Amino acid sequence: MALNIVGSLQVPTDLSDAEVVGDEIEGYVTGLLGLVSIDADPLSSREHILLSNLIHHSWQAGKAIDLMTLVGQVTTPPIRKLGVFELDQFFPETDRMALAMKLNGLLASPSFAAWGAGAPLDVQSMMYTSDGKPRCAIITTAHLSDTERQFVTSLVLAKLVTWMRAQSGTTDLRAMLYMDEVAGYLPPTANPPTKKPIMLLMKQARAFGLGVVLSTQNPVDIDYKAISNAGTWMIGRLQTDRDKARLLDGMSSAAGDVDINAVGDTISGLGKREFMLRRAGQDQPEVFTTRWAMSYLRGPMTRDQIDTMMAPTKADVTPAPASAPAPASSPPASSPASTPTSADVPALSDDETAVMPEVADGRPVRYVDVAAPWLGDVGGDERGERFEAAVVARVALRYDETKADLIHDDEYEAVLFPLGEQIDASHIVQVDYDDRDLRVNPPDKIVFGLTDAKIANKTFWSQVERDIRDQLTRTLNLELPANAGLKLYGRPGEDAELFEARCLKTADDQADAEIAKLRDKYETKARSLRDKIEASEDRIEELEEQTKGKRNSELLSTAGSVLGGLLGGRKSKGGLLGGLLGQAGTAARRRGTTNASEQRLESAENKMGRLVQQVEDLEIELEEEIIEIDAKWMELGKNITTISVGLEKTDVKVTQLVCAWIPVG
């Protein structure tokens, strides 16, 4: 059955042992770089140091990581520095992109796709069934190239070392590692990724109850330090003296009291199917033969034959649960929750990638927070795990209107999504975003949707900026209430009722000012009339006094004349009549004077009446003009319209343009 190698970077259950964690990371990274033909030294290679730090950073955060995510982090690492140097100084972005392209070529290879499918690389579930019974797990790498074998074998050995370190010490055999044809994995001079874990197992595995069996036809291709750590030796016929010399050197290092000459003679005298046995604690070697057995010697099984043989048991292979009983000589079963399966790695369609598509240099990249209140308005989905590219813009606007004495600065924030090969800025959606809505670090297990937009080109972003500026210049207007008669204009954000009240107040003030001028004009006329009325009143009083005095004089004169005529001496009739008539004439003249005075008085009174009427008419005229003025200004105060203040291209400036990845359903 297939083994998931790509998704084997689950977080170890115990991160307290930095040496074990470092060895596992080193084995994975060394093998991975070997697949892309990079001979990396863990202490000096930038590639090795970067990848190791990325894996370690994810594990320290408690996050499992797969190869696709790791490649994506090469271009946009979640760390800022390595050692004492800034990341870009230690490993420039262009060089990181070159490394990512090499690793991406590995992921893009069809033959490598199968490496991410199958059962997880979990030592516990490989050696024990779900009910805690031990079993044998055979890993074949015969179909792989040499570099691929190194990568897979180093991963398996690193996982085995990590599993071993989690066990308690024992004197019983708990498990056994058997490697056939170990030549090339443990060379005497080179340092492949498999050498370090094998050497570690040869030195320490027995203390944890883990046996190690190595077999080879060429002992000269094995490091003598590993041979010297072997406790049991089974040596068959050797073809060359060089192979025998290498074995004898290792045996003398392991046990100095061994008679090397005798052992050499014994090895030289071995027959077919005869082996020399050398065990720790035994001074003299022994010779034994294998029992007779029938074998067709048909050679290795093909992949199809392996699939046919394993078909009945594939469905039964599951990770051992935490509650599974384990024998005294076996380790406790690990929890399946800590072992990610292939289902943890999302299946990608043809238009998806685990690595963020390239974005133009210098263009900020952000990830929209699922809690952004405007996410649904632009077509996003807070539950989505697929992220697609969008443009998030912040624009400074200036509305300038001379006649309104207006200079108003505003800010416009918007999202352009989705992006196509041709950008249509008319689809821009205004939002009110906060900088906290745009996260710098990507979320876990992110999948990027491929876009037809040329986001990797600087010209694309320049065109987007121009299109947004042109679109806003054409479509944005600031609507303001206006009163042309009063030359009043509303302010941005001013309520319509408040503006109307302001207009009515201004109109009332203007009416009061005009009425004040009108009263000044009428006051002059009224003052002249009042002076004339006062003069008429004085004249009437004077005439009234004169008329009253003349009436009294007339009465006294007439009465005196009659009485005098009647009471005077004896006179003739004619004389008396003449005298009476003469006196009567004098009285008549006096009465005539009185009538003239009364006429002058009446004329004065009539004149004063006309003056009073003129005052009353003036007051009525003033009142009518005041009413007319008030109505005129009130009508002006209520004559409110709306003006539209547009934008010029120079009034629109894009202050922020971000490539933002939006989660979609």
# chains A, B, ... in the order shown; residues from 1 in each chain; ligands from 1

$ residues_around --residues "A:Ala61" --least-positions-apart "3" --cutoff "12 Å" --atoms "only C-alpha atoms" --output "ChimeraX atom specification"
/A:10-12,15,54-58,64-65,78,444

$ write_last_selection --atoms "all heavy atoms" --output "mmCIF file, in the first residue's frame"
data_model
loop_
_atom_site.group_PDB
_atom_site.id
_atom_site.type_symbol
_atom_site.label_atom_id
_atom_site.label_comp_id
_atom_site.auth_asym_id
_atom_site.auth_seq_id
_atom_site.Cartn_x
_atom_site.Cartn_y
_atom_site.Cartn_z
ATOM 1 N N GLN A 10 4.109 15.964 10.525
ATOM 2 C CA GLN A 10 3.243 16.237 11.655
ATOM 3 C C GLN A 10 4.079 16.593 12.877
ATOM 4 O O GLN A 10 5.241 16.205 12.993
ATOM 5 C CB GLN A 10 2.327 15.043 11.960
ATOM 6 C CG GLN A 10 3.055 13.776 12.373
ATOM 7 C CD GLN A 10 3.320 12.862 11.198
ATOM 8 O OE1 GLN A 10 3.458 13.340 10.085
ATOM 9 N NE2 GLN A 10 3.391 11.574 11.451
ATOM 10 N N VAL A 11 3.493 17.335 13.779
ATOM 11 C CA VAL A 11 4.216 17.804 14.957
ATOM 12 C C VAL A 11 4.530 16.617 15.862
ATOM 13 O O VAL A 11 3.635 15.833 16.192
ATOM 14 C CB VAL A 11 3.378 18.840 15.726
ATOM 15 C CG1 VAL A 11 4.161 19.371 16.916
ATOM 16 C CG2 VAL A 11 2.966 19.978 14.803
ATOM 17 N N PRO A 12 5.788 16.438 16.262
ATOM 18 C CA PRO A 12 6.108 15.355 17.186
ATOM 19 C C PRO A 12 5.366 15.521 18.514
ATOM 20 O O PRO A 12 5.060 16.637 18.945
ATOM 21 C CB PRO A 12 7.627 15.491 17.379
ATOM 22 C CG PRO A 12 8.106 16.254 16.184
ATOM 23 C CD PRO A 12 6.986 17.173 15.813
ATOM 24 N N LEU A 15 8.303 17.723 22.027
ATOM 25 C CA LEU A 15 9.262 18.683 21.477
ATOM 26 C C LEU A 15 10.334 19.085 22.482
ATOM 27 O O LEU A 15 11.134 19.979 22.203
ATOM 28 C CB LEU A 15 8.519 19.936 21.005
ATOM 29 C CG LEU A 15 7.568 19.771 19.808
ATOM 30 C CD1 LEU A 15 6.796 21.072 19.574
ATOM 31 C CD2 LEU A 15 8.337 19.379 18.552
ATOM 32 N N LEU A 54 11.936 26.887 9.012
ATOM 33 C CA LEU A 54 10.505 26.956 8.711
ATOM 34 C C LEU A 54 9.749 25.799 9.351
ATOM 35 O O LEU A 54 8.666 25.985 9.923
ATOM 36 C CB LEU A 54 10.292 26.956 7.195
ATOM 37 C CG LEU A 54 10.748 28.209 6.443
ATOM 38 C CD1 LEU A 54 10.574 28.028 4.944
ATOM 39 C CD2 LEU A 54 10.002 29.436 6.928
ATOM 40 N N ILE A 55 10.306 24.609 9.251
ATOM 41 C CA ILE A 55 9.662 23.447 9.872
ATOM 42 C C ILE A 55 9.651 23.598 11.388
ATOM 43 O O ILE A 55 8.629 23.365 12.051
ATOM 44 C CB ILE A 55 10.386 22.151 9.463
ATOM 45 C CG1 ILE A 55 10.284 21.946 7.947
ATOM 46 C CG2 ILE A 55 9.802 20.950 10.203
ATOM 47 C CD1 ILE A 55 11.106 20.783 7.428
ATOM 48 N N HIS A 56 10.777 24.013 11.940
ATOM 49 C CA HIS A 56 10.862 24.162 13.394
ATOM 50 C C HIS A 56 9.899 25.241 13.892
ATOM 51 O O HIS A 56 9.266 25.088 14.948
ATOM 52 C CB HIS A 56 12.304 24.515 13.777
ATOM 53 C CG HIS A 56 12.554 24.502 15.259
ATOM 54 N ND1 HIS A 56 12.450 25.624 16.047
ATOM 55 C CD2 HIS A 56 12.872 23.485 16.105
ATOM 56 C CE1 HIS A 56 12.711 25.317 17.295
ATOM 57 N NE2 HIS A 56 12.972 24.023 17.364
ATOM 58 N N HIS A 57 9.763 26.322 13.132
ATOM 59 C CA HIS A 57 8.842 27.398 13.519
ATOM 60 C C HIS A 57 7.399 26.891 13.551
ATOM 61 O O HIS A 57 6.633 27.213 14.474
ATOM 62 C CB HIS A 57 8.986 28.561 12.538
ATOM 63 C CG HIS A 57 8.093 29.728 12.832
ATOM 64 N ND1 HIS A 57 6.812 29.841 12.322
ATOM 65 C CD2 HIS A 57 8.274 30.831 13.600
ATOM 66 C CE1 HIS A 57 6.259 30.949 12.746
ATOM 67 N NE2 HIS A 57 7.113 31.577 13.521
ATOM 68 N N SER A 58 7.017 26.112 12.553
ATOM 69 C CA SER A 58 5.656 25.570 12.527
ATOM 70 C C SER A 58 5.428 24.600 13.669
ATOM 71 O O SER A 58 4.373 24.616 14.312
ATOM 72 C CB SER A 58 5.394 24.880 11.183
ATOM 73 O OG SER A 58 5.420 25.809 10.123
ATOM 74 N N ALA A 64 1.029 21.372 12.164
ATOM 75 C CA ALA A 64 1.579 20.419 11.207
ATOM 76 C C ALA A 64 1.809 21.138 9.879
ATOM 77 O O ALA A 64 1.164 22.141 9.568
ATOM 78 C CB ALA A 64 0.631 19.242 11.032
ATOM 79 N N ILE A 65 2.726 20.616 9.099
ATOM 80 C CA ILE A 65 3.081 21.268 7.844
ATOM 81 C C ILE A 65 3.309 20.191 6.797
ATOM 82 O O ILE A 65 3.777 19.089 7.117
ATOM 83 C CB ILE A 65 4.337 22.154 8.026
ATOM 84 C CG1 ILE A 65 4.612 22.984 6.781
ATOM 85 C CG2 ILE A 65 5.532 21.323 8.413
ATOM 86 C CD1 ILE A 65 5.742 23.995 6.960
ATOM 87 N N PRO A 78 7.290 33.069 7.437
ATOM 88 C CA PRO A 78 6.675 33.708 8.605
ATOM 89 C C PRO A 78 7.696 34.156 9.638
ATOM 90 O O PRO A 78 7.330 34.491 10.760
ATOM 91 C CB PRO A 78 5.779 32.586 9.160
ATOM 92 C CG PRO A 78 6.486 31.323 8.782
ATOM 93 C CD PRO A 78 7.160 31.598 7.465
ATOM 94 N N ASP A 444 -3.755 28.943 8.429
ATOM 95 C CA ASP A 444 -3.277 27.573 8.289
ATOM 96 C C ASP A 444 -3.977 26.885 7.115
ATOM 97 O O ASP A 444 -5.138 27.165 6.804
ATOM 98 C CB ASP A 444 -3.535 26.784 9.570
ATOM 99 C CG ASP A 444 -2.783 27.388 10.753
ATOM 100 O OD1 ASP A 444 -1.749 28.027 10.505
ATOM 101 O OD2 ASP A 444 -3.236 27.213 11.904
#

$ closest_residue --among "A:Glu479, A:Glu623, A:Asp131, A:Asp350" --to "A:Arg491" --atoms "only C-alpha atoms"
A:Glu479

$ select_by_dssp --residues "stretch 44-135 of chain A" --states "strand (DSSP E or B)" --output "list of chain:residue names"
A:Ile65, A:Lys81, A:Leu82, A:Phe85, A:Glu86, A:Ala119, A:Pro120, A:Tyr128, A:Pro134

$ residues_around --residues "stretch 192-199 of chain A" --least-positions-apart "4" --cutoff "8 Å" --atoms "only C-alpha atoms" --output "PyMOL selection string"
chain A and resi 23+26-27+30-31+150-151+153-154+157-158+161+185-187+203+226

$ atom_distance --atom1 "atom CA of A:Asp377" --atom2 "atom CA of A:Asp437"
14.0 Å

$ atom_distance --atom1 "atom CA of A:Tyr178" --atom2 "atom CA of A:Asp307"
21.8 Å

$ residues_around --residues "A:Arg469" --least-positions-apart "3" --cutoff "9 Å" --atoms "only C-alpha atoms" --output "list in words"
Val395, Val464, Glu465, Arg466, Leu472, Thr473, Arg474, Lys649, Val652, Lys653 and Val654 of chain A
